[in-house]
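Visitor: Below is one structure. I have some questions about it.
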Amino acid sequence: MVTDSTSPLARLNELNISLPSPASPLGNYEAWTTVGTLFVTSGQFPWIDGDLKYTGKLGVDITPQQGYEACQLAALNAVAQLQMAAGNDFSKLKRIYRMEGVLNVAEHYHEHPKALDGASDILIQLFGERGRHTRMIWTNTVMPMNSFCLIYIYAELYPEKSE
Amino acid sequence: MVTDSTSPLARLNELNISLPSPASPLGNYEAWTTVGTLFVTSGQFPWIDGDLKYTGKLGVDITPQQGYEACQLAALNAVAQLQMAAGNDFSKLKRIYRMEGVLNVAEHYHEHPKALDGASDILIQLFGERGRHTRMIWTNTVMPMNSFCLIYIYAELYPEKSE
Amino acid sequence: MVTDSTSPLARLNELNISLPSPASPLGNYEAWTTVGTLFVTSGQFPWIDGDLKYTGKLGVDITPQQGYEACQLAALNAVAQLQMAAGNDFSKLKRIYRMEGVLNVAEHYHEHPKALDGASDILIQLFGERGRHTRMIWTNTVMPMNSFCLIYIYAELYPEKSE
């Protein structure tokens, strides 16, 4: 049974999901940073080892199920960045308090929040109560590398002992 | 006379405006959260009791006056969430320091910041100096439920006595 | 030689760049604010003394080089706001930890992150390690005043001595 004390990595195993390797930024910026105890990412893509898995527009090139999976995968890329920030130790994570998503969506298609649930659901599956978050949603018709989505997470870490 | 010490609820009365009931999120996320003393909302719609009052595009389906009213109403929905977070006691609010808005706007129409003033103005009318905020503005051609706008607020609360 | 201890104003001189005057907001909001030690701006335009230098769409009206310059100029407008917040004393700046950009980009053009590098590069040129930031990128087809871009920065200041 998955409880809040189950480690996120054990939950990944149970879900038969691998965490992608943390990706490098596309330009002259950092993939993540912390300010005080707050952690923020730059945009995370739905890719694995540099292979962008979902491109194009929801309702045209991307089915609802693919949209859901794409947001899940981009969220896992964000979790990989969080894992780096936490020095591979998720017990340093207090909570993920916000997730933001930009999606490319066909005009007159309004069910895109269900695609973004792919990101929301996996955060809660992995982190339980610590994964419960607010969120923002945007739609953009032009995306870097024609990616279907970009996901950002904001988390609170426990203060370092030495601080 | 309205002064900074007038309560936001008294000002609502003076303006003959009712605060909508706080709405539930559209997906697997929280309507609001706090991190330390900072309060953030998820996207707030221009609705009352589940009835979405403003849909479509500014400059096509939505007049400038309706755009202004829609942003005001969505901001009031955000204030309703803030009221919940403050346990119905706005004296716990230090200030609203940021408001963000996503609007659906016709191409070649560039006066949409005036619509977003509907959100800015009501925050300042209700909270006086405590409502003075920075803001972000975006335009998206596809919106959840075809809503004309989405409004987000970020506020600072006073620390809890027990902390 | 430019080192991290070179002042940002000296670097501007070396780059033969002038900082624009801080611009007023377009509506009923603040150009910047601080919450605790955190500084945030509202949207900053690529203008000098009220003259908007870059309007229209990247890939149609705006070349890649112009897009880069526009993002640089809007970032300098953000730095001018930061300078005000710091009372003209950049030694009060701990770091710029995030930069966000909204760009108007032609469909099927996906190289816009290189335009946003115009903002990223100048922050790092001026502030060295203190300028290394995460970032967000959006594309919007409708922009206030038909501006090509809007840039936002988020910084951490040193606590005031008296606090």
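Convention: chains lettered A, B, ... in structure tokens order; per-chain residue numbering from 1; ligands numbered from 1 as shown.
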Show me which bits of chain C are within 8 Å of chain B, counting only C-alpha atoms, as a PyMOL selection string.
Guide: chain C and resi 26-33+35+40-43+102+140-146
Visitor: Just the selected residues (N, CA and C atoms), exported as a CSV table (one decimal), in the first residue's frame, please.
Guide:
chain,number,residue,atom,x,y,z
C,26,LEU,N,1.5,50.9,-17.1
C,26,LEU,CA,0.4,51.2,-18.1
C,26,LEU,C,-0.9,51.4,-17.4
C,27,GLY,N,-1.1,50.9,-16.2
C,27,GLY,CA,-2.4,50.9,-15.6
C,27,GLY,C,-2.3,51.1,-14.1
C,28,ASN,N,-3.3,50.7,-13.4
C,28,ASN,CA,-3.4,50.9,-11.9
C,28,ASN,C,-2.6,49.9,-11.1
C,29,TYR,N,-1.3,49.9,-11.3
C,29,TYR,CA,-0.5,48.9,-10.6
C,29,TYR,C,0.9,49.5,-10.4
C,30,GLU,N,1.7,48.8,-9.7
C,30,GLU,CA,3.1,49.2,-9.3
C,30,GLU,C,4.1,48.6,-10.3
C,31,ALA,N,5.2,49.4,-10.6
C,31,ALA,CA,6.2,48.8,-11.5
C,31,ALA,C,7.0,47.7,-10.9
C,32,TRP,N,7.2,47.8,-9.6
C,32,TRP,CA,7.9,46.8,-8.8
C,32,TRP,C,7.5,46.8,-7.4
C,33,THR,N,7.8,45.8,-6.6
C,33,THR,CA,7.6,45.8,-5.2
C,33,THR,C,8.5,44.8,-4.6
C,35,VAL,N,8.7,41.9,-1.3
C,35,VAL,CA,8.0,41.1,-0.3
C,35,VAL,C,9.1,40.4,0.5
C,40,VAL,N,10.2,41.9,-7.1
C,40,VAL,CA,9.5,41.5,-8.3
C,40,VAL,C,9.1,42.7,-9.1
C,41,THR,N,9.2,42.5,-10.5
C,41,THR,CA,8.7,43.6,-11.3
C,41,THR,C,7.4,43.3,-12.0
C,42,SER,N,6.7,44.3,-12.4
C,42,SER,CA,5.6,44.1,-13.4
C,42,SER,C,6.3,44.0,-14.8
C,43,GLY,N,5.5,43.8,-15.8
C,43,GLY,CA,6.1,43.7,-17.2
C,43,GLY,C,6.9,44.9,-17.7
C,102,VAL,N,7.7,37.1,-22.2
C,102,VAL,CA,6.6,36.8,-23.1
C,102,VAL,C,7.0,37.4,-24.4
C,140,ASN,N,2.9,34.9,-27.0
C,140,ASN,CA,1.5,35.5,-27.0
C,140,ASN,C,1.3,36.2,-28.3
C,141,THR,N,0.2,36.0,-29.0
C,141,THR,CA,0.0,36.7,-30.3
C,141,THR,C,-0.5,38.1,-30.1
C,142,VAL,N,-1.0,38.4,-29.0
C,142,VAL,CA,-1.5,39.8,-28.7
C,142,VAL,C,-0.7,40.3,-27.5
C,143,MET,N,-0.1,41.5,-27.7
C,143,MET,CA,0.7,42.1,-26.6
C,143,MET,C,0.2,43.5,-26.4
C,144,PRO,N,0.4,44.0,-25.1
C,144,PRO,CA,0.1,45.4,-24.9
C,144,PRO,C,0.9,46.3,-25.8
C,145,MET,N,0.2,47.3,-26.4
C,145,MET,CA,0.9,48.3,-27.3
C,145,MET,C,1.5,47.6,-28.5
C,146,ASN,N,1.2,46.3,-28.8
C,146,ASN,CA,1.8,45.6,-29.8
C,146,ASN,C,3.3,45.4,-29.6
Visitor: Name the residues of chain B that come out as strand (DSSP E or B) in a backbone DSSP run; write them as a VMD selection string.
Guide: chain B and resid 32 to 35 38 to 41 44 47 to 48 51 to 52 55 58 62 93 to 103 105 134 to 139 147 149 to 157
Visitor: Find the residue from C:Cys149, C:Leu157, C:Ala23, C:Val60 that sits nearest to Gln81 in chain C; use only C-alpha atoms when measuring.
Guide: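 Looking at the shortest contact to Gln81 in chain C, the residue is C:Ala23.
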Visitor: Could you please write out, as a ChimeraX atom specification, every residue of range 2-158 of chain B that DSSP assigns to alpha helix (DSSP H)?
Guide: /B:8-15,64-85,112-127
Visitor: As a ChimeraX atom specification, please: the residues near Phe45 in chain B (cut-off 8 Å, only C-alpha atoms, same-chain neighbours under 4 positions excluded).
Guide: /B:52,73-74,77,147,149-151
Visitor: For the atom pair CA of Met84 in chain C and CA of Pro22 in chain C, what is the interatomic distance in Å to one decimal place?
Guide: 7.9 Å
